[in-house]
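Shown below: data.json, with JSON, C-alpha atoms and all ligand atoms.
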```
[["chain", "number", "residue", "atom", "x", "y", "z"],
["A", 1, "MET", "CA", 71.24, 108.74, 88.96],
["A", 2, "THR", "CA", 72.87, 111.36, 86.78],
["A", 3, "GLN", "CA", 71.06, 112.78, 83.76],
["A", 4, "LYS", "CA", 74.40, 113.14, 82.00],
["A", 5, "GLU", "CA", 76.24, 110.53, 79.95],
["A", 6, "PRO", "CA", 77.08, 107.59, 82.27],
["A", 7, "VAL", "CA", 80.62, 107.31, 83.64],
["A", 8, "ILE", "CA", 82.41, 104.48, 85.41],
["A", 9, "THR", "CA", 85.63, 105.48, 87.15],
["A", 10, "VAL", "CA", 88.54, 103.13, 87.75],
["A", 11, "ASP", "CA", 91.22, 104.63, 90.00],
["A", 12, "GLY", "CA", 94.31, 103.20, 91.62],
["A", 13, "ALA", "CA", 98.09, 103.20, 91.63],
["A", 14, "SER", "CA", 100.15, 102.00, 88.68],
["A", 15, "GLY", "CA", 100.53, 98.25, 88.43],
["A", 16, "THR", "CA", 97.09, 97.51, 89.83],
["A", 17, "GLY", "CA", 95.95, 96.52, 86.36],
["A", 18, "LYS", "CA", 93.52, 99.41, 86.08],
["A", 19, "GLY", "CA", 94.72, 100.38, 82.59],
["A", 20, "VAL", "CA", 94.08, 97.05, 80.94],
["A", 21, "VAL", "CA", 90.95, 96.39, 83.02],
["A", 22, "SER", "CA", 89.51, 99.76, 81.95],
["A", 23, "GLN", "CA", 90.31, 99.04, 78.30],
["A", 24, "ILE", "CA", 88.52, 95.68, 78.41],
["A", 25, "VAL", "CA", 85.51, 97.03, 80.32],
["A", 26, "ALA", "CA", 85.16, 99.95, 77.85],
["A", 27, "LYS", "CA", 85.36, 97.56, 74.93],
["A", 28, "ARG", "CA", 82.78, 95.13, 76.35],
["A", 29, "LEU", "CA", 80.39, 97.98, 77.07],
["A", 30, "GLY", "CA", 81.09, 99.70, 73.75],
["A", 31, "TRP", "CA", 81.90, 102.87, 75.72],
["A", 32, "LYS", "CA", 84.63, 105.50, 75.33],
["A", 33, "LEU", "CA", 87.84, 105.27, 77.34],
["A", 34, "LEU", "CA", 89.77, 108.04, 79.07],
["A", 35, "ASP", "CA", 93.34, 107.08, 80.00],
["A", 36, "SER", "CA", 94.05, 110.19, 82.07],
["A", 37, "GLY", "CA", 97.55, 109.03, 83.00],
["A", 38, "ALA", "CA", 98.42, 109.14, 79.30],
["A", 39, "LEU", "CA", 97.46, 112.80, 79.24],
["A", 40, "TYR", "CA", 99.89, 113.59, 82.09],
["A", 41, "ARG", "CA", 102.51, 111.47, 80.36],
["A", 42, "VAL", "CA", 102.07, 113.32, 77.04],
["A", 43, "LEU", "CA", 102.37, 116.62, 78.88],
["A", 44, "ALA", "CA", 105.57, 115.41, 80.56],
["A", 45, "LEU", "CA", 106.98, 114.48, 77.16],
["A", 46, "ALA", "CA", 105.95, 117.85, 75.72],
["A", 47, "ALA", "CA", 107.77, 119.54, 78.61],
["A", 48, "GLN", "CA", 110.88, 117.51, 77.83],
["A", 49, "LYS", "CA", 110.60, 118.37, 74.13],
["A", 50, "HIS", "CA", 110.25, 122.09, 74.80],
["A", 51, "ALA", "CA", 112.89, 122.12, 77.55],
["A", 52, "VAL", "CA", 110.41, 123.09, 80.28],
["A", 53, "ALA", "CA", 111.50, 122.02, 83.79],
["A", 54, "VAL", "CA", 109.15, 119.72, 85.76],
["A", 55, "ASP", "CA", 108.82, 122.35, 88.51],
["A", 56, "ASN", "CA", 108.11, 125.34, 86.25],
["A", 57, "GLU", "CA", 104.42, 125.52, 87.09],
["A", 58, "ALA", "CA", 103.64, 128.69, 85.08],
["A", 59, "ALA", "CA", 105.22, 127.36, 81.88],
["A", 60, "LEU", "CA", 103.66, 123.91, 82.37],
["A", 61, "LYS", "CA", 100.23, 125.50, 82.79],
["A", 62, "VAL", "CA", 100.61, 127.24, 79.42],
["A", 63, "LEU", "CA", 101.91, 124.03, 77.85],
["A", 64, "ALA", "CA", 98.93, 122.08, 79.28],
["A", 65, "GLU", "CA", 96.43, 124.64, 78.00],
["A", 66, "HIS", "CA", 97.86, 124.40, 74.49],
["A", 67, "LEU", "CA", 98.78, 120.73, 74.51],
["A", 68, "ASP", "CA", 98.40, 119.36, 71.00],
["A", 69, "ALA", "CA", 97.60, 115.76, 71.98],
["A", 70, "GLN", "CA", 95.30, 113.40, 70.10],
["A", 71, "PHE", "CA", 94.01, 109.96, 71.02],
["A", 72, "VAL", "CA", 93.24, 108.23, 67.75],
["A", 73, "THR", "CA", 91.27, 105.01, 68.09],
["A", 74, "GLN", "CA", 92.23, 102.38, 65.51],
["A", 75, "VAL", "CA", 89.95, 99.68, 64.06],
["A", 76, "ASN", "CA", 91.17, 97.15, 66.65],
["A", 77, "ASP", "CA", 90.21, 99.60, 69.47],
["A", 78, "PHE", "CA", 93.87, 100.24, 70.16],
["A", 79, "SER", "CA", 94.58, 103.95, 70.66],
["A", 80, "VAL", "CA", 97.48, 105.72, 68.99],
["A", 81, "ILE", "CA", 98.61, 108.79, 70.91],
["A", 82, "LEU", "CA", 99.96, 111.75, 68.97],
["A", 83, "LEU", "CA", 101.90, 114.69, 70.36],
["A", 84, "GLU", "CA", 102.12, 117.54, 67.87],
["A", 85, "GLY", "CA", 101.34, 114.98, 65.17],
["A", 86, "GLU", "CA", 104.09, 112.57, 66.22],
["A", 87, "ASP", "CA", 103.25, 109.02, 67.38],
["A", 88, "VAL", "CA", 104.34, 108.87, 71.05],
["A", 89, "THR", "CA", 102.27, 105.78, 72.04],
["A", 90, "ASP", "CA", 105.34, 103.83, 73.20],
["A", 91, "THR", "CA", 107.60, 106.72, 74.22],
["A", 92, "ILE", "CA", 105.19, 107.89, 76.94],
["A", 93, "ARG", "CA", 105.28, 104.46, 78.65],
["A", 94, "THR", "CA", 108.90, 104.65, 79.81],
["A", 95, "GLU", "CA", 109.62, 104.96, 83.56],
["A", 96, "LYS", "CA", 111.40, 108.26, 82.91],
["A", 97, "VAL", "CA", 108.28, 109.80, 81.41],
["A", 98, "GLY", "CA", 106.10, 108.20, 84.14],
["A", 99, "ASN", "CA", 108.20, 109.78, 86.86],
["A", 100, "ALA", "CA", 108.15, 113.19, 85.18],
["A", 101, "ALA", "CA", 104.37, 112.83, 84.75],
["A", 102, "SER", "CA", 103.98, 112.15, 88.48],
["A", 103, "LYS", "CA", 106.00, 115.30, 89.28],
["A", 104, "ILE", "CA", 104.07, 117.63, 86.99],
["A", 105, "ALA", "CA", 100.77, 116.03, 88.09],
["A", 106, "ALA", "CA", 101.42, 117.37, 91.61],
["A", 107, "LEU", "CA", 101.20, 120.97, 90.37],
["A", 108, "PRO", "CA", 97.72, 122.51, 90.94],
["A", 109, "ALA", "CA", 97.84, 124.76, 87.82],
["A", 110, "VAL", "CA", 98.57, 121.72, 85.63],
["A", 111, "ARG", "CA", 95.65, 119.72, 87.07],
["A", 112, "ILE", "CA", 93.26, 122.65, 86.62],
["A", 113, "ALA", "CA", 94.46, 123.19, 83.03],
["A", 114, "LEU", "CA", 93.70, 119.53, 82.19],
["A", 115, "LEU", "CA", 90.35, 119.33, 83.98],
["A", 116, "ASN", "CA", 87.96, 120.31, 81.18],
["A", 117, "ARG", "CA", 89.94, 118.37, 78.65],
["A", 118, "GLN", "CA", 89.30, 115.20, 80.68],
["A", 119, "ARG", "CA", 85.61, 115.99, 81.22],
["A", 120, "ALA", "CA", 85.21, 116.43, 77.45],
["A", 121, "PHE", "CA", 85.74, 112.67, 77.05],
["A", 122, "ARG", "CA", 82.28, 112.16, 78.56],
["A", 123, "GLU", "CA", 80.14, 111.10, 75.62],
["A", 124, "LEU", "CA", 77.25, 108.78, 74.88],
["A", 125, "PRO", "CA", 76.80, 105.88, 75.21],
["A", 126, "GLY", "CA", 79.17, 106.18, 78.20],
["A", 127, "LEU", "CA", 82.73, 106.57, 79.46],
["A", 128, "VAL", "CA", 85.17, 104.43, 81.40],
["A", 129, "ALA", "CA", 87.66, 106.81, 83.06],
["A", 130, "ASP", "CA", 90.99, 105.43, 84.27],
["A", 131, "GLY", "CA", 93.25, 107.41, 86.63],
["A", 132, "ARG", "CA", 93.95, 108.57, 90.16],
["A", 133, "ASP", "CA", 91.25, 111.17, 90.79],
["A", 134, "MET", "CA", 88.53, 110.18, 88.33],
["A", 135, "GLY", "CA", 86.02, 109.36, 91.08],
["A", 136, "THR", "CA", 87.08, 112.07, 93.53],
["A", 137, "VAL", "CA", 87.64, 115.15, 91.35],
["A", 138, "ILE", "CA", 86.97, 114.76, 87.63],
["A", 139, "PHE", "CA", 83.70, 112.78, 87.68],
["A", 140, "PRO", "CA", 82.40, 112.96, 91.28],
["A", 141, "ASP", "CA", 78.91, 112.17, 89.94],
["A", 142, "ALA", "CA", 80.00, 108.93, 88.23],
["A", 143, "SER", "CA", 77.42, 106.13, 88.22],
["A", 144, "LEU", "CA", 79.94, 103.65, 89.59],
["A", 145, "LYS", "CA", 83.40, 104.10, 91.09],
["A", 146, "PHE", "CA", 86.08, 101.46, 91.52],
["A", 147, "PHE", "CA", 89.41, 101.67, 93.32],
["A", 148, "LEU", "CA", 91.95, 98.96, 92.59],
["A", 149, "THR", "CA", 94.74, 98.05, 94.99],
["A", 150, "ALA", "CA", 97.62, 95.55, 95.02],
["A", 151, "SER", "CA", 100.75, 95.07, 97.12],
["A", 152, "PRO", "CA", 103.88, 97.01, 96.00],
["A", 153, "GLU", "CA", 105.77, 93.77, 95.26],
["A", 154, "GLU", "CA", 103.00, 92.39, 93.05],
["A", 155, "ARG", "CA", 102.61, 95.70, 91.24],
["A", 156, "ALA", "CA", 106.34, 96.06, 90.59],
["A", 157, "LEU", "CA", 106.45, 92.53, 89.20],
["A", 158, "ARG", "CA", 103.47, 93.16, 86.93],
["A", 159, "ARG", "CA", 105.03, 96.40, 85.69],
["A", 160, "TYR", "CA", 108.34, 94.62, 85.12],
["A", 161, "ASN", "CA", 106.68, 91.92, 83.00],
["A", 162, "GLN", "CA", 104.64, 94.49, 81.12],
["A", 163, "LEU", "CA", 107.70, 96.55, 80.22],
["A", 164, "LYS", "CA", 109.73, 93.45, 79.36],
["A", 165, "GLU", "CA", 107.01, 92.34, 76.95],
["A", 166, "LYS", "CA", 107.32, 95.69, 75.23],
["A", 167, "GLY", "CA", 111.09, 95.21, 74.96],
["A", 168, "ILE", "CA", 111.78, 97.93, 77.54],
["A", 169, "SER", "CA", 114.50, 96.71, 79.88],
["A", 170, "VAL", "CA", 114.35, 97.70, 83.57],
["A", 171, "ASN", "CA", 115.80, 96.56, 86.87],
["A", 172, "LEU", "CA", 113.18, 95.10, 89.25],
["A", 173, "THR", "CA", 114.74, 96.58, 92.42],
["A", 174, "ASP", "CA", 114.91, 100.03, 90.83],
["A", 175, "LEU", "CA", 111.31, 99.59, 89.74],
["A", 176, "VAL", "CA", 110.10, 98.83, 93.31],
["A", 177, "GLU", "CA", 111.98, 101.87, 94.56],
["A", 178, "GLU", "CA", 110.63, 104.18, 91.83],
["A", 179, "LEU", "CA", 107.13, 102.83, 92.35],
["A", 180, "ARG", "CA", 107.28, 103.56, 96.09],
["A", 181, "GLU", "CA", 108.54, 107.09, 95.44],
["A", 182, "ARG", "CA", 105.85, 107.71, 92.85],
["A", 183, "ASP", "CA", 103.11, 106.32, 95.14],
["A", 184, "LYS", "CA", 104.25, 108.53, 97.98],
["A", 185, "ARG", "CA", 104.21, 111.60, 95.72],
["A", 186, "ASP", "CA", 100.79, 110.71, 94.26],
["A", 187, "GLN", "CA", 99.29, 109.99, 97.71],
["A", 188, "GLU", "CA", 100.77, 112.90, 99.61],
["A", 189, "ARG", "CA", 100.24, 115.73, 97.16],
["A", 190, "PRO", "CA", 97.85, 118.36, 98.48],
["A", 191, "ILE", "CA", 95.75, 118.47, 95.31],
["A", 192, "ALA", "CA", 93.75, 115.43, 94.12],
["A", 193, "PRO", "CA", 95.83, 112.84, 96.01],
["A", 194, "LEU", "CA", 95.51, 109.17, 95.14],
["A", 195, "ARG", "CA", 92.75, 107.88, 97.40],
["A", 196, "PRO", "CA", 89.43, 106.07, 96.96],
["A", 197, "ALA", "CA", 86.26, 108.14, 96.67],
["A", 198, "GLU", "CA", 83.97, 107.61, 99.68],
["A", 199, "ASP", "CA", 81.48, 105.77, 97.48],
["A", 200, "ALA", "CA", 84.08, 103.69, 95.61],
["A", 201, "ILE", "CA", 84.07, 99.89, 95.53],
["A", 202, "CYS", "CA", 87.60, 98.79, 96.48],
["A", 203, "ILE", "CA", 89.00, 95.70, 94.79],
["A", 204, "ASP", "CA", 92.22, 94.07, 96.02],
["A", 205, "THR", "CA", 93.66, 92.59, 92.82],
["A", 206, "ASP", "CA", 96.61, 90.70, 94.37],
["A", 207, "HIS", "CA", 95.10, 87.25, 93.85],
["A", 208, "LEU", "CA", 92.82, 88.07, 90.96],
["A", 209, "SER", "CA", 93.43, 87.74, 87.24],
["A", 210, "ILE", "CA", 92.60, 90.61, 84.89],
["A", 211, "GLU", "CA", 89.55, 88.65, 83.69],
["A", 212, "GLN", "CA", 88.33, 88.20, 87.29],
["A", 213, "VAL", "CA", 88.60, 91.93, 87.98],
["A", 214, "VAL", "CA", 86.77, 92.68, 84.72],
["A", 215, "ALA", "CA", 84.02, 90.21, 85.70],
["A", 216, "LEU", "CA", 83.63, 91.84, 89.13],
["A", 217, "ILE", "CA", 83.31, 95.28, 87.59],
["A", 218, "LEU", "CA", 80.89, 94.14, 84.89],
["A", 219, "SER", "CA", 78.69, 92.39, 87.44],
["A", 220, "GLU", "CA", 78.35, 95.72, 89.30],
["A", 221, "VAL", "CA", 77.72, 97.56, 86.02],
["A", 222, "ASN", "CA", 74.98, 95.09, 85.11],
["A", 223, "LYS", "CA", 73.14, 95.87, 88.35],
["A", 224, "ILE", "CA", 72.80, 99.49, 87.22],
["A", 225, "PHE", "CA", 72.76, 99.14, 83.43],
["A", 226, "PRO", "CA", 71.28, 95.64, 82.92],
["A", 227, "VAL", "CA", 71.55, 95.48, 79.14],
["A", 228, "VAL", "CA", 74.77, 97.19, 78.23],
["A", 229, "THR", "CA", 77.34, 94.37, 78.35],
["A", 230, "LEU", "CA", 78.21, 93.23, 74.83],
["A", 231, "GLU", "CA", 79.94, 89.92, 75.63],
["B", 301, "LIG", "O1", 98.56, 105.83, 85.38],
["B", 301, "LIG", "P1", 99.92, 106.28, 84.89],
["B", 301, "LIG", "O2", 101.06, 105.53, 85.49],
["B", 301, "LIG", "O3", 99.98, 106.31, 83.38],
["B", 301, "LIG", "O4", 100.05, 107.82, 85.36],
["B", 301, "LIG", "C1", 101.26, 108.55, 85.26],
["B", 301, "LIG", "C2", 101.32, 109.62, 86.35],
["B", 301, "LIG", "O5", 100.32, 110.60, 86.10],
["B", 301, "LIG", "C3", 101.06, 109.12, 87.76],
["B", 301, "LIG", "O6", 102.25, 108.87, 88.46],
["B", 301, "LIG", "C4", 100.29, 110.21, 88.42],
["B", 301, "LIG", "C5", 99.72, 111.02, 87.31],
["B", 301, "LIG", "N1", 98.27, 110.92, 87.21],
["B", 301, "LIG", "C6", 97.52, 111.75, 88.02],
["B", 301, "LIG", "O7", 98.08, 112.48, 88.83],
["B", 301, "LIG", "N2", 96.18, 111.76, 87.89],
["B", 301, "LIG", "C7", 95.55, 110.95, 87.03],
["B", 301, "LIG", "N3", 94.24, 111.00, 86.94],
["B", 301, "LIG", "C8", 96.31, 110.05, 86.23],
["B", 301, "LIG", "C9", 97.67, 110.05, 86.35]]
```
Starting from the file, give its structure as structure tokens.
Ligand code: DC
Amino acid sequence: MTQKEPVITVDGASGTGKGVVSQIVAKRLGWKLLDSGALYRVLALAAQKHAVAVDNEAALKVLAEHLDAQFVTQVNDFSVILLEGEDVTDTIRTEKVGNAASKIAALPAVRIALLNRQRAFRELPGLVADGRDMGTVIFPDASLKFFLTASPEERALRRYNQLKEKGISVNLTDLVEELRERDKRDQERPIAPLRPAEDAICIDTDHLSIEQVVALILSEVNKIFPVVTLE
């Protein structure tokens, strides 16, 4: 096992529930959380703000290296995300920003520029890292790696309900289409494509509730770290 701070990685496509599952697991363990997708989303928003095109790799690299983004954890464990001091917690969750994030995330210089920033989240007592390449690229030495899957229809529906709850109105058919496009881009990009690490435990979440997925993950965690679960 690693001598470094322990890391659990939770990778998968959007709509697999990995975001909320990672949040709950981190909370129960009392560990830090890295929402790496949020970092790509903040960068996409910064690009929009500074009129940088999503294919301008050189300018995006500079923007990524100087990205003034902060994740401020509140008393209720909810994180507020600031871009250049402005609260962008909700703005980064729109489909428009998600799509732009997926485009800029395919650029090698952008991924390299964000690498150390993500690794810096590794702190004691431990880290739960949520993303696409947490187990394959960012934390290949993680103590435990999970890869969540779900059918496109189920994921689109979950995303639809999630956005609706937040008062963001979207069309379900458009959502399925955008999701497919985004998946294809994330899976087919030459650098850090979305795929399970060889040593990842794959969980098909189609017929599982969030709580059931959390329980599965925590039961694996308890095999390695028997005393860490808080509840
Ligand atoms: O998980 P999410 O939907 O918030 O991520 C937004 C986009 O960022 C996603 O389409 C692909 C990209 N991303 C990535 O390439 N690598 C990560 N580790 C996390 C997200």
Next item on the list: Rounded to one decimal place, report the CA of Glu84 in chain A-CA of Val97 in chain A distance in Å.
Entry: 16.8 Å
Under the rule of at most 7 Å, produce a per-residue listing of chain A near ligand LIG 301 (chain B): chain, number, name, the closest pair of atoms, and the distance in Å, as CSV, using only C-alpha atoms and all ligand atoms.
```
residue,atom,partner,partner_atom,distance
A:Ala13,CA,B:LIG301,O1,6.8
A:Ser14,CA,B:LIG301,O2,4.8
A:Ser36,CA,B:LIG301,C8,4.7
A:Gly37,CA,B:LIG301,C9,3.5
A:Ala38,CA,B:LIG301,O3,5.2
A:Tyr40,CA,B:LIG301,O5,5.0
A:Arg41,CA,B:LIG301,C1,5.8
A:Gly98,CA,B:LIG301,C1,5.0
A:Asn99,CA,B:LIG301,O6,6.2
A:Ala101,CA,B:LIG301,C2,4.7
A:Ser102,CA,B:LIG301,O6,3.7
A:Ala105,CA,B:LIG301,O7,4.5
A:Ala106,CA,B:LIG301,O7,6.5
A:Asp130,CA,B:LIG301,N3,7.0
A:Gly131,CA,B:LIG301,N3,3.7
A:Arg132,CA,B:LIG301,N3,4.0
A:Asp133,CA,B:LIG301,N3,4.9
A:Met134,CA,B:LIG301,N3,5.9
A:Arg182,CA,B:LIG301,O6,5.8
A:Asp186,CA,B:LIG301,C4,5.9
```
Checklist line | Option closest in space to Ile191 in chain A, from A:Ser169, A:Thr205, A:Asn222, A:Thr136 [counting only C-alpha atoms] | finding: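 The shortest atom-to-atom distance to Ile191 in chain A comes from A:Thr136.
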Notebook entry, point to check: Which is closer to Val10 in chain A than all the others in A:Ser209, A:Gln162, A:Ser143, A:Ser79, using only C-alpha atoms?
Noted result: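 Result for the nearest residue to Val10 in chain A: A:Ser143.
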Build an axis-aligned box that encloses every atom of range 12-30 of chain A listed in the file, pad it by 4 Å on each side, and report its centre and edge lengths in Å to one decimal, as JSON.
```
{"center_x": 90.5, "center_y": 99.2, "center_z": 82.7, "size_x": 28.1, "size_y": 16.1, "size_z": 25.9}
```
Next item on the list: Between A:Leu194, A:Ile104, A:Ile92, A:Leu34, single out the one closest to Val72 in chain A, counting all atoms listed in the file.
Entry: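 Under the stated criterion, the closest residue is A:Leu34.
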Notebook entry, point to check: With only C-alpha atoms as the basis for distance, which of A:Val128, A:Thr94, A:Phe139, A:Arg195 is at the shortest distance from Gly167 in chain A?
Noted result: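 Checking each candidate against Gly167 in chain A, we get A:Thr94 as the closest.
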Using only C-alpha atoms, which residues sit within 12 Å of Lys96 in chain A once same-chain residues fewer than 4 positions away are excluded, as a PDB file with C-alpha atoms, keeping the file's coordinate frame?
```
ATOM      1  CA  ARG A  41     102.510 111.470  80.360  1.00  0.00           C
ATOM      2  CA  ALA A  44     105.570 115.410  80.560  1.00  0.00           C
ATOM      3  CA  LEU A  45     106.980 114.480  77.160  1.00  0.00           C
ATOM      4  CA  GLN A  48     110.880 117.510  77.830  1.00  0.00           C
ATOM      5  CA  THR A  91     107.600 106.720  74.220  1.00  0.00           C
ATOM      6  CA  ILE A  92     105.190 107.890  76.940  1.00  0.00           C
ATOM      7  CA  ALA A 100     108.150 113.190  85.180  1.00  0.00           C
ATOM      8  CA  ALA A 101     104.370 112.830  84.750  1.00  0.00           C
ATOM      9  CA  SER A 102     103.980 112.150  88.480  1.00  0.00           C
ATOM     10  CA  LYS A 103     106.000 115.300  89.280  1.00  0.00           C
ATOM     11  CA  ILE A 168     111.780  97.930  77.540  1.00  0.00           C
ATOM     12  CA  VAL A 170     114.350  97.700  83.570  1.00  0.00           C
ATOM     13  CA  ASP A 174     114.910 100.030  90.830  1.00  0.00           C
ATOM     14  CA  LEU A 175     111.310  99.590  89.740  1.00  0.00           C
ATOM     15  CA  GLU A 178     110.630 104.180  91.830  1.00  0.00           C
ATOM     16  CA  LEU A 179     107.130 102.830  92.350  1.00  0.00           C
ATOM     17  CA  ARG A 182     105.850 107.710  92.850  1.00  0.00           C
TER      18      ARG A 182
END
```
Check: Nearest to Phe121 in chain A among A:Val80, A:Val221, A:Val25, A:Leu33, with distances taken over all atoms listed in the file: which residue is it?
Finding: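 The shortest atom-to-atom distance to Phe121 in chain A comes from A:Leu33.
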Next item on the list: Mind giving me the straight-line distance from CA of Leu83 in chain A to CA of Leu114 in chain A in Å, one decimal?
Entry: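 So the two atoms, CA of Leu83 in chain A and CA of Leu114 in chain A, lie 15.2 Å apart.
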Notebook entry, point to check: Between CA of Ala120 in chain A and CA of Glu95 in chain A, what is the spacing in Å?
Noted result: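 According to the coordinates, CA of Glu95 in chain A and CA of Ala120 in chain A are separated by 27.7 Å.
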Margin query: Need to verify the contact set: range 147-154 of chain A, 9 Å, all atoms listed in the file, exclusion of same-chain residues closer than 4 positions in sequence. Can you return it as a list in words?
Written below: Thr9, Val10, Asp11, Gly12, Ala13, Gly15, Thr16, Gly17, Lys18, Arg132, Gly135, Arg158, Arg159, Val176, Leu179, Arg180, Arg195, Pro196, Ala197, Ala200, Ile201, Cys202, Ile203, Asp204, Thr205, Asp206 and His207 of chain A
Next item on the list: Select, from A:Gly30, A:Pro125, A:Gly19, A:Pro140, the residue with the minimum atom-to-atom distance to Asp199 in chain A, counting all atoms listed in the file.
Entry: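 Closest to Asp199 in chain A of all the choices is A:Pro140.
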Hey, what's within 9 Å of Glu57 in chain A if we count all atoms listed in the file and toss same-chain stuff fewer than 2 positions away? As an mmCIF file with C-alpha atoms, in the frame of the given file, please?
```cif
data_model
loop_
_atom_site.group_PDB
_atom_site.id
_atom_site.type_symbol
_atom_site.label_atom_id
_atom_site.label_comp_id
_atom_site.auth_asym_id
_atom_site.auth_seq_id
_atom_site.Cartn_x
_atom_site.Cartn_y
_atom_site.Cartn_z
ATOM 1 C CA ALA A 53 111.500 122.020 83.790
ATOM 2 C CA VAL A 54 109.150 119.720 85.760
ATOM 3 C CA ASP A 55 108.820 122.350 88.510
ATOM 4 C CA ALA A 59 105.220 127.360 81.880
ATOM 5 C CA LEU A 60 103.660 123.910 82.370
ATOM 6 C CA LYS A 61 100.230 125.500 82.790
ATOM 7 C CA VAL A 62 100.610 127.240 79.420
ATOM 8 C CA ILE A 104 104.070 117.630 86.990
ATOM 9 C CA LEU A 107 101.200 120.970 90.370
ATOM 10 C CA PRO A 108 97.720 122.510 90.940
ATOM 11 C CA ALA A 109 97.840 124.760 87.820
ATOM 12 C CA VAL A 110 98.570 121.720 85.630
#
```
List every protein, DNA or RNA residue that has at least one atom no more than 12 Å from (93.0, 104.6, 68.7) in the file's coordinates, counting only C-alpha atoms, and write the result as a short mmCIF file (atom, residue, chain, number, x, y, z; two decimals) with C-alpha atoms, keeping the file's coordinate frame.
```
data_model
loop_
_atom_site.label_atom_id
_atom_site.label_comp_id
_atom_site.auth_asym_id
_atom_site.auth_seq_id
_atom_site.Cartn_x
_atom_site.Cartn_y
_atom_site.Cartn_z
CA GLN A 23 90.31 99.04 78.30
CA LYS A 32 84.63 105.50 75.33
CA LEU A 33 87.84 105.27 77.34
CA LEU A 34 89.77 108.04 79.07
CA ASP A 35 93.34 107.08 80.00
CA GLN A 70 95.30 113.40 70.10
CA PHE A 71 94.01 109.96 71.02
CA VAL A 72 93.24 108.23 67.75
CA THR A 73 91.27 105.01 68.09
CA GLN A 74 92.23 102.38 65.51
CA VAL A 75 89.95 99.68 64.06
CA ASN A 76 91.17 97.15 66.65
CA ASP A 77 90.21 99.60 69.47
CA PHE A 78 93.87 100.24 70.16
CA SER A 79 94.58 103.95 70.66
CA VAL A 80 97.48 105.72 68.99
CA ILE A 81 98.61 108.79 70.91
CA LEU A 82 99.96 111.75 68.97
CA ASP A 87 103.25 109.02 67.38
CA THR A 89 102.27 105.78 72.04
#
```
